[in-house]
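Accompanying notes for the structure given below.
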Amino acid sequence: MSRHSQTKKLCFVTVGATASFDRLIDSVISPKVLKTLKELGYTDVTIQYGDYSKSFFESVVKANSSTISELGLTITGFDFRSYGLEDDMLDAKGEWGNAEGVVITHGGSGTVLDALRLSVQLIVVPNSTLLDNHQAQLAEALEGQGYVVYGNLNNLSAALHESETLRQKHRTWPPVNSGTHRKARGVPGIVGDETGLTE
Amino acid sequence: MQSRRFIILSLPIYFCGLTVLLTNQNGLISAPDRYKVFVFLFLLALFLVNLIDLRLCYLLPSARRDQIRPRRRGSPTHLLIVLGSGGHTAEMLAMLNELDCKGLNFRTYIVSSGDAFSARKAREFEEGLALRAAQNSEEGFYVIHTIPRARRIHQSLLTTPFSCLWCLNSALRILSTGPPPSKNTQGHPRFPNVILTNGPATAVIVILASYILRFFNIGSCNSVGSMRTIYVESWARVKQLSLSGRLLLRFVDRFLVQWEQLLPATGGIGEYHGWLI
């Protein structure tokens, strides 16, 4: 079995910088989800686990080590990158000759926005333990418009399958990303109005 | 309108109060002197409230909807941008991606103290502007002020009023400082023409400070085309307004939301122009 001849397909998971989100790590590295990843042709999983979850990540990988080696998946992790996650997201997008993979992210608006900008396949899993579950609002709204897949912690396998479907829709024209949300009139224009600027 | 109704409602109270004060012991209505002191203080308080109310109705957005003075692009214009912490800063700078730096040729940034990230982002953003400006042989200038936090994360609610006052004091000082004197800032207004914010707690304090300055018309800052305010609700807010949004809704000149389904929550005040980030 020569793993190197196989095209890399990356699933990149990010929990964000501020709050820890161990339940997401736990859900991804579970036999069921790992099997789904394998089925869908994934070869690599990279997890950004945050400042406090290094030992948790390592223990989960250890607990599932037999499944992981059986499936031949490569699982790596890191705490955080001060220069941002753009490279990892592009890697998951298949920018460097890989197959197009997916990014699974917590519901923080900053990360979601970065991923949308790079137009990478995105599964958003809101961290429901945060203040009035505010991440869920954004994820629901974005899913309603076909930008992302709303991922449920208990059913990531379904989300991964759904993501493959959305990927096919993405390729059809016109792209889902166009439409009502194009900047009709940005903030610079409104600031110009309010200052009364004319030519 | 509301203000006039309030004054009319207050008139009978003034009448009764003055009657009590001015009739002597032998009059029809008599009151011991110590009660008169309370009546007097009450009337004085009511008078002050009436006065503030009357003044406020000239300061609120409804009273100056069209008070924008047209100016030529390139004439000294001063924009104040409130950056909060992490997420707010990222959204704000994303929104200003295509900022017209020839038109808005002096920019003041306010960042929270201890937020080196925001200050660094602002500097990088300005460097980007300068780089683009150089290509078009245009020039823009800026200053970054730090402001103490209104409330640090996990700060006790007991001490919050004090830190808010401290923050307000700082906001008043920053707003009235004006651009630092240099050959590039000649003729720039001391007070910003427009205050732009997207909802960190600090923004509420800065807007409050602008009202206090305009209330007393310090340095004629309440003139036409001065200290107009724009609020942009966070992209993360889909169904409900944020606390800052709810507080500022009726006190800013323009209130923008980024989700159409959020418009009803603004009671007809908000505007929707698609995503702005």
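How things are named: the first chain in the structure tokens is A, the next is B, and so on; residues count from 1 in each chain; ligands count from 1 in the order shown.
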
Practice task
From a DSSP pass on the backbone, collect the residues of stretch 58-138 of chain A flagged as strand (DSSP E or B) and hand them back as a list in words.
Solution key: Thr74, Ile75, Thr76, Gly77, Phe78, Ala99, Glu100, Gly101, Val102, Val103, Ile104, Thr105, His106, Leu122, Ile123, Val124 and Val125 of chain A

C-alpha atoms of the current selection, written as a compact mmCIF listing (two decimals), in the first residue's frame:
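What landed in selection-v3.txt:
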```
# COMPACT_ATOMS: atom_id res chain seq x y z
CA THR A 74 -2.39 10.78 8.79
CA ILE A 75 -3.48 12.83 11.79
CA THR A 76 -1.52 15.85 12.96
CA GLY A 77 -2.24 18.73 15.28
CA PHE A 78 -0.90 22.10 16.44
CA ALA A 99 -7.62 16.96 -4.02
CA GLU A 100 -10.17 19.47 -2.72
CA GLY A 101 -10.89 18.69 0.93
CA VAL A 102 -12.85 20.47 3.61
CA VAL A 103 -12.43 22.81 6.58
CA ILE A 104 -14.40 22.04 9.73
CA THR A 105 -14.55 25.12 11.91
CA HIS A 106 -16.08 26.42 15.12
CA LEU A 122 -16.74 24.69 4.92
CA ILE A 123 -18.55 22.83 7.69
CA VAL A 124 -19.46 25.14 10.59
CA VAL A 125 -19.95 23.54 14.00
```

Shell of 8 Å around stretch 154-161 of chain A, only C-alpha atoms, local chain residues under 5 positions omitted, as a tab-separated table (two decimals) with C-alpha atoms, in the first residue's frame:
```tsv
chain	number	residue	atom	x	y	z
A	27	SER	CA	-16.20	14.15	17.47
A	28	VAL	CA	-13.75	14.30	14.59
A	32	LYS	CA	-17.42	6.65	12.83
A	33	VAL	CA	-16.23	9.99	11.48
A	36	THR	CA	-16.55	8.39	6.76
A	37	LEU	CA	-13.46	10.46	5.97
A	40	LEU	CA	-14.88	10.02	1.00
A	123	ILE	CA	-18.55	22.83	7.69
A	149	VAL	CA	-22.83	23.12	5.84
```

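As for atom CA of A:Thr18 and atom CA of B:Ser170, they are spaced 27.9 Å apart.
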
Distance table requested - chain B against chain A, cut-off 10 Å, only C-alpha atoms: one row per qualifying residue with the closest atom pair and its distance in Å to one decimal, ordered by chain and rising residue number, as JSON lines.
```
{"residue": "B:Asp66", "atom": "CA", "partner": "A:Glu194", "partner_atom": "CA", "distance": 9.4}
{"residue": "B:Gln67", "atom": "CA", "partner": "A:Glu194", "partner_atom": "CA", "distance": 9.2}
{"residue": "B:Ile68", "atom": "CA", "partner": "A:Gly196", "partner_atom": "CA", "distance": 5.7}
{"residue": "B:Arg69", "atom": "CA", "partner": "A:Gly196", "partner_atom": "CA", "distance": 5.6}
{"residue": "B:Pro70", "atom": "CA", "partner": "A:Gly196", "partner_atom": "CA", "distance": 4.3}
{"residue": "B:Arg71", "atom": "CA", "partner": "A:Leu197", "partner_atom": "CA", "distance": 5.1}
{"residue": "B:Arg72", "atom": "CA", "partner": "A:Thr198", "partner_atom": "CA", "distance": 5.1}
{"residue": "B:Arg73", "atom": "CA", "partner": "A:Glu199", "partner_atom": "CA", "distance": 5.2}
{"residue": "B:Gly74", "atom": "CA", "partner": "A:Glu199", "partner_atom": "CA", "distance": 8.5}
{"residue": "B:Ser75", "atom": "CA", "partner": "A:Leu197", "partner_atom": "CA", "distance": 8.9}
{"residue": "B:Thr77", "atom": "CA", "partner": "A:Thr195", "partner_atom": "CA", "distance": 7.6}
{"residue": "B:His78", "atom": "CA", "partner": "A:Thr195", "partner_atom": "CA", "distance": 8.7}
{"residue": "B:Leu79", "atom": "CA", "partner": "A:Thr195", "partner_atom": "CA", "distance": 8.5}
{"residue": "B:Gly86", "atom": "CA", "partner": "A:Gly110", "partner_atom": "CA", "distance": 8.8}
{"residue": "B:Gly87", "atom": "CA", "partner": "A:Gly110", "partner_atom": "CA", "distance": 6.2}
{"residue": "B:His88", "atom": "CA", "partner": "A:Gly110", "partner_atom": "CA", "distance": 9.2}
{"residue": "B:Ala90", "atom": "CA", "partner": "A:Gly110", "partner_atom": "CA", "distance": 7.2}
{"residue": "B:Glu91", "atom": "CA", "partner": "A:Gly110", "partner_atom": "CA", "distance": 7.8}
{"residue": "B:Met92", "atom": "CA", "partner": "A:Val187", "partner_atom": "CA", "distance": 9.4}
{"residue": "B:Ala94", "atom": "CA", "partner": "A:Val187", "partner_atom": "CA", "distance": 9.9}
{"residue": "B:Met95", "atom": "CA", "partner": "A:Val187", "partner_atom": "CA", "distance": 6.1}
{"residue": "B:Leu96", "atom": "CA", "partner": "A:Pro188", "partner_atom": "CA", "distance": 6.1}
{"residue": "B:Asn97", "atom": "CA", "partner": "A:Pro188", "partner_atom": "CA", "distance": 8.2}
{"residue": "B:Glu98", "atom": "CA", "partner": "A:Pro188", "partner_atom": "CA", "distance": 6.5}
{"residue": "B:Leu99", "atom": "CA", "partner": "A:Pro188", "partner_atom": "CA", "distance": 5.3}
{"residue": "B:Asp100", "atom": "CA", "partner": "A:Pro188", "partner_atom": "CA", "distance": 6.7}
{"residue": "B:Cys101", "atom": "CA", "partner": "A:Pro188", "partner_atom": "CA", "distance": 9.7}
{"residue": "B:Gly103", "atom": "CA", "partner": "A:Leu197", "partner_atom": "CA", "distance": 6.9}
{"residue": "B:Leu104", "atom": "CA", "partner": "A:Gly192", "partner_atom": "CA", "distance": 7.9}
{"residue": "B:Pro192", "atom": "CA", "partner": "A:Thr195", "partner_atom": "CA", "distance": 9.7}
{"residue": "B:Asn193", "atom": "CA", "partner": "A:Thr195", "partner_atom": "CA", "distance": 6.1}
{"residue": "B:Val194", "atom": "CA", "partner": "A:Thr195", "partner_atom": "CA", "distance": 6.4}
{"residue": "B:Ile195", "atom": "CA", "partner": "A:Val191", "partner_atom": "CA", "distance": 9.0}
{"residue": "B:Leu196", "atom": "CA", "partner": "A:Val191", "partner_atom": "CA", "distance": 7.9}
{"residue": "B:Gly225", "atom": "CA", "partner": "A:Thr195", "partner_atom": "CA", "distance": 6.6}
{"residue": "B:Ser226", "atom": "CA", "partner": "A:Thr195", "partner_atom": "CA", "distance": 8.4}
{"residue": "B:Met227", "atom": "CA", "partner": "A:Thr195", "partner_atom": "CA", "distance": 9.4}
{"residue": "B:Arg228", "atom": "CA", "partner": "A:Glu194", "partner_atom": "CA", "distance": 7.0}
{"residue": "B:Thr229", "atom": "CA", "partner": "A:Glu194", "partner_atom": "CA", "distance": 8.3}
{"residue": "B:Ile230", "atom": "CA", "partner": "A:Val191", "partner_atom": "CA", "distance": 7.7}
{"residue": "B:Val232", "atom": "CA", "partner": "A:Val187", "partner_atom": "CA", "distance": 8.5}
{"residue": "B:Ser234", "atom": "CA", "partner": "A:Ser109", "partner_atom": "CA", "distance": 9.2}
{"residue": "B:Trp235", "atom": "CA", "partner": "A:Ser109", "partner_atom": "CA", "distance": 7.5}
{"residue": "B:Ala236", "atom": "CA", "partner": "A:Leu138", "partner_atom": "CA", "distance": 5.6}
{"residue": "B:Arg237", "atom": "CA", "partner": "A:Leu138", "partner_atom": "CA", "distance": 7.0}
{"residue": "B:Val238", "atom": "CA", "partner": "A:Gln137", "partner_atom": "CA", "distance": 6.0}
{"residue": "B:Lys239", "atom": "CA", "partner": "A:Gln137", "partner_atom": "CA", "distance": 7.0}
{"residue": "B:Gln240", "atom": "CA", "partner": "A:Gln137", "partner_atom": "CA", "distance": 9.2}
{"residue": "B:Asp253", "atom": "CA", "partner": "A:Glu194", "partner_atom": "CA", "distance": 8.8}
{"residue": "B:Arg254", "atom": "CA", "partner": "A:Glu194", "partner_atom": "CA", "distance": 8.7}
{"residue": "B:Leu256", "atom": "CA", "partner": "A:Val187", "partner_atom": "CA", "distance": 9.1}
{"residue": "B:Gln258", "atom": "CA", "partner": "A:His181", "partner_atom": "CA", "distance": 9.3}
{"residue": "B:Trp259", "atom": "CA", "partner": "A:Ala141", "partner_atom": "CA", "distance": 8.9}
{"residue": "B:Gln261", "atom": "CA", "partner": "A:Ala141", "partner_atom": "CA", "distance": 9.7}
{"residue": "B:Tyr272", "atom": "CA", "partner": "A:Arg185", "partner_atom": "CA", "distance": 9.6}
{"residue": "B:His273", "atom": "CA", "partner": "A:Ala184", "partner_atom": "CA", "distance": 5.9}
{"residue": "B:Gly274", "atom": "CA", "partner": "A:His181", "partner_atom": "CA", "distance": 5.1}
{"residue": "B:Trp275", "atom": "CA", "partner": "A:His181", "partner_atom": "CA", "distance": 5.7}
{"residue": "B:Leu276", "atom": "CA", "partner": "A:Gly186", "partner_atom": "CA", "distance": 5.4}
{"residue": "B:Ile277", "atom": "CA", "partner": "A:Gly186", "partner_atom": "CA", "distance": 8.2}
```

Practice task
Give me the residues within 9 Å of A:Lys38 as a PyMOL selection string, counting only C-alpha atoms and dropping any in the same chain fewer than 5 places off.
Solution key: chain A and resi 33+43+71-73

Handout entry: 10 Å contact set for B:Asn50, only C-alpha atoms, chain neighbours under 5 positions out, as a VMD selection string
Key = chain B and resid 3 to 4 6 to 7 10 44 to 45 55 to 56

I need the residues from that last selection saved to file as a compact mmCIF listing (two decimals), in the first residue's frame (with N, CA and C atoms), if you can.
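Contents of result-v8.txt, freshly written:
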```
# COMPACT_ATOMS: atom_id res chain seq x y z
N SER B 3 -40.54 66.23 23.33
CA SER B 3 -40.02 67.19 24.28
C SER B 3 -41.08 68.24 24.62
N ARG B 4 -41.81 68.69 23.57
CA ARG B 4 -42.82 69.72 23.80
C ARG B 4 -43.92 69.17 24.70
N PHE B 6 -43.64 66.88 26.93
CA PHE B 6 -43.09 66.77 28.27
C PHE B 6 -43.15 68.11 28.99
N ILE B 7 -42.83 69.19 28.28
CA ILE B 7 -42.86 70.52 28.89
C ILE B 7 -44.29 70.91 29.24
N SER B 10 -45.36 69.27 32.21
CA SER B 10 -44.67 69.76 33.41
C SER B 10 -45.28 71.07 33.93
N LEU B 44 -36.55 72.43 40.95
CA LEU B 44 -35.25 72.69 40.34
C LEU B 44 -34.82 71.49 39.49
N ALA B 45 -35.00 70.29 40.06
CA ALA B 45 -34.63 69.07 39.33
C ALA B 45 -35.46 68.94 38.07
N ARG B 55 -32.64 70.37 25.12
CA ARG B 55 -31.35 70.44 24.43
C ARG B 55 -31.12 69.15 23.63
N LEU B 56 -31.45 68.03 24.26
CA LEU B 56 -31.23 66.73 23.61
C LEU B 56 -31.99 66.62 22.30
```

Practice task
Return as JSON, numbers by chain the full set of residues in chain A whose backbone-based DSSP assignment is helix (DSSP H, G or I).
Solution key: {"A": [3, 4, 5, 22, 23, 24, 25, 26, 27, 28, 31, 32, 33, 34, 35, 36, 37, 38, 39, 54, 55, 56, 57, 58, 59, 60, 61, 62, 63, 65, 66, 67, 68, 69, 70, 71, 86, 87, 88, 89, 90, 91, 92, 93, 109, 110, 111, 112, 113, 114, 115, 116, 117, 131, 132, 133, 134, 135, 136, 137, 138, 139, 140, 141, 142, 143, 144, 153, 154, 155, 156, 157, 158, 159, 160, 161, 162, 163, 164, 165, 166, 167, 168, 169, 170, 171, 187, 188, 189, 190, 191, 192, 193, 194, 195]}

Problem - Test item: residues at most 8 Å from B:Leu21, only C-alpha atoms, excluding those fewer than 6 positions along its chain, as a list in words - result: Lys36, Val39 and Phe40 of chain B

Just write the chosen residues, N, CA and C atoms, as a PDB file, in the first residue's frame.
```
ATOM      1  N   LYS B  36     -41.088  73.185  52.103  1.00  0.00           N
ATOM      2  CA  LYS B  36     -40.825  74.067  50.969  1.00  0.00           C
ATOM      3  C   LYS B  36     -39.467  73.803  50.343  1.00  0.00           C
ATOM      4  N   VAL B  39     -39.909  70.932  48.023  1.00  0.00           N
ATOM      5  CA  VAL B  39     -40.649  71.362  46.829  1.00  0.00           C
ATOM      6  C   VAL B  39     -39.725  72.141  45.905  1.00  0.00           C
ATOM      7  N   PHE B  40     -38.927  73.024  46.517  1.00  0.00           N
ATOM      8  CA  PHE B  40     -37.999  73.840  45.724  1.00  0.00           C
ATOM      9  C   PHE B  40     -36.995  72.944  44.979  1.00  0.00           C
TER      10      PHE B  40
END
```

Handout entry: Point-to-point distance from atom CA of A:Lys35 to atom CA of A:Phe12, Å rounded to tenths
Key = 16.0 Å

Practice task
Tell me which protein, DNA and RNA residues are within 12 Å of A:Arg23, counting only C-alpha atoms, leaving out same-chain ones fewer than 2 positions away, and put them as a count of residues only.
Solution key: 25

When you look at A:Ser82 with a cut-off of 10 Å (counting only C-alpha atoms), what residues show up, excluding the ones that are within fewer than 3 positions of it in the same chain? I need them as an mmCIF file with N, CA and C atoms, in the first residue's frame.
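Generated output (result.cif):
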```cif
data_model
loop_
_atom_site.group_PDB
_atom_site.id
_atom_site.type_symbol
_atom_site.label_atom_id
_atom_site.label_comp_id
_atom_site.auth_asym_id
_atom_site.auth_seq_id
_atom_site.Cartn_x
_atom_site.Cartn_y
_atom_site.Cartn_z
ATOM 1 N N ALA A 17 -9.117 30.553 18.498
ATOM 2 C CA ALA A 17 -8.032 30.977 19.377
ATOM 3 C C ALA A 17 -8.496 31.218 20.807
ATOM 4 N N ASP A 79 -1.180 23.852 18.116
ATOM 5 C CA ASP A 79 -2.011 24.686 18.991
ATOM 6 C C ASP A 79 -2.574 25.912 18.265
ATOM 7 N N LEU A 85 -4.341 31.133 9.734
ATOM 8 C CA LEU A 85 -4.563 29.753 9.307
ATOM 9 C C LEU A 85 -4.735 29.638 7.799
#
```

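If you look at atom CA of B:Leu243 and atom CA of B:Ile174, they are 23.9 Å away from each other.
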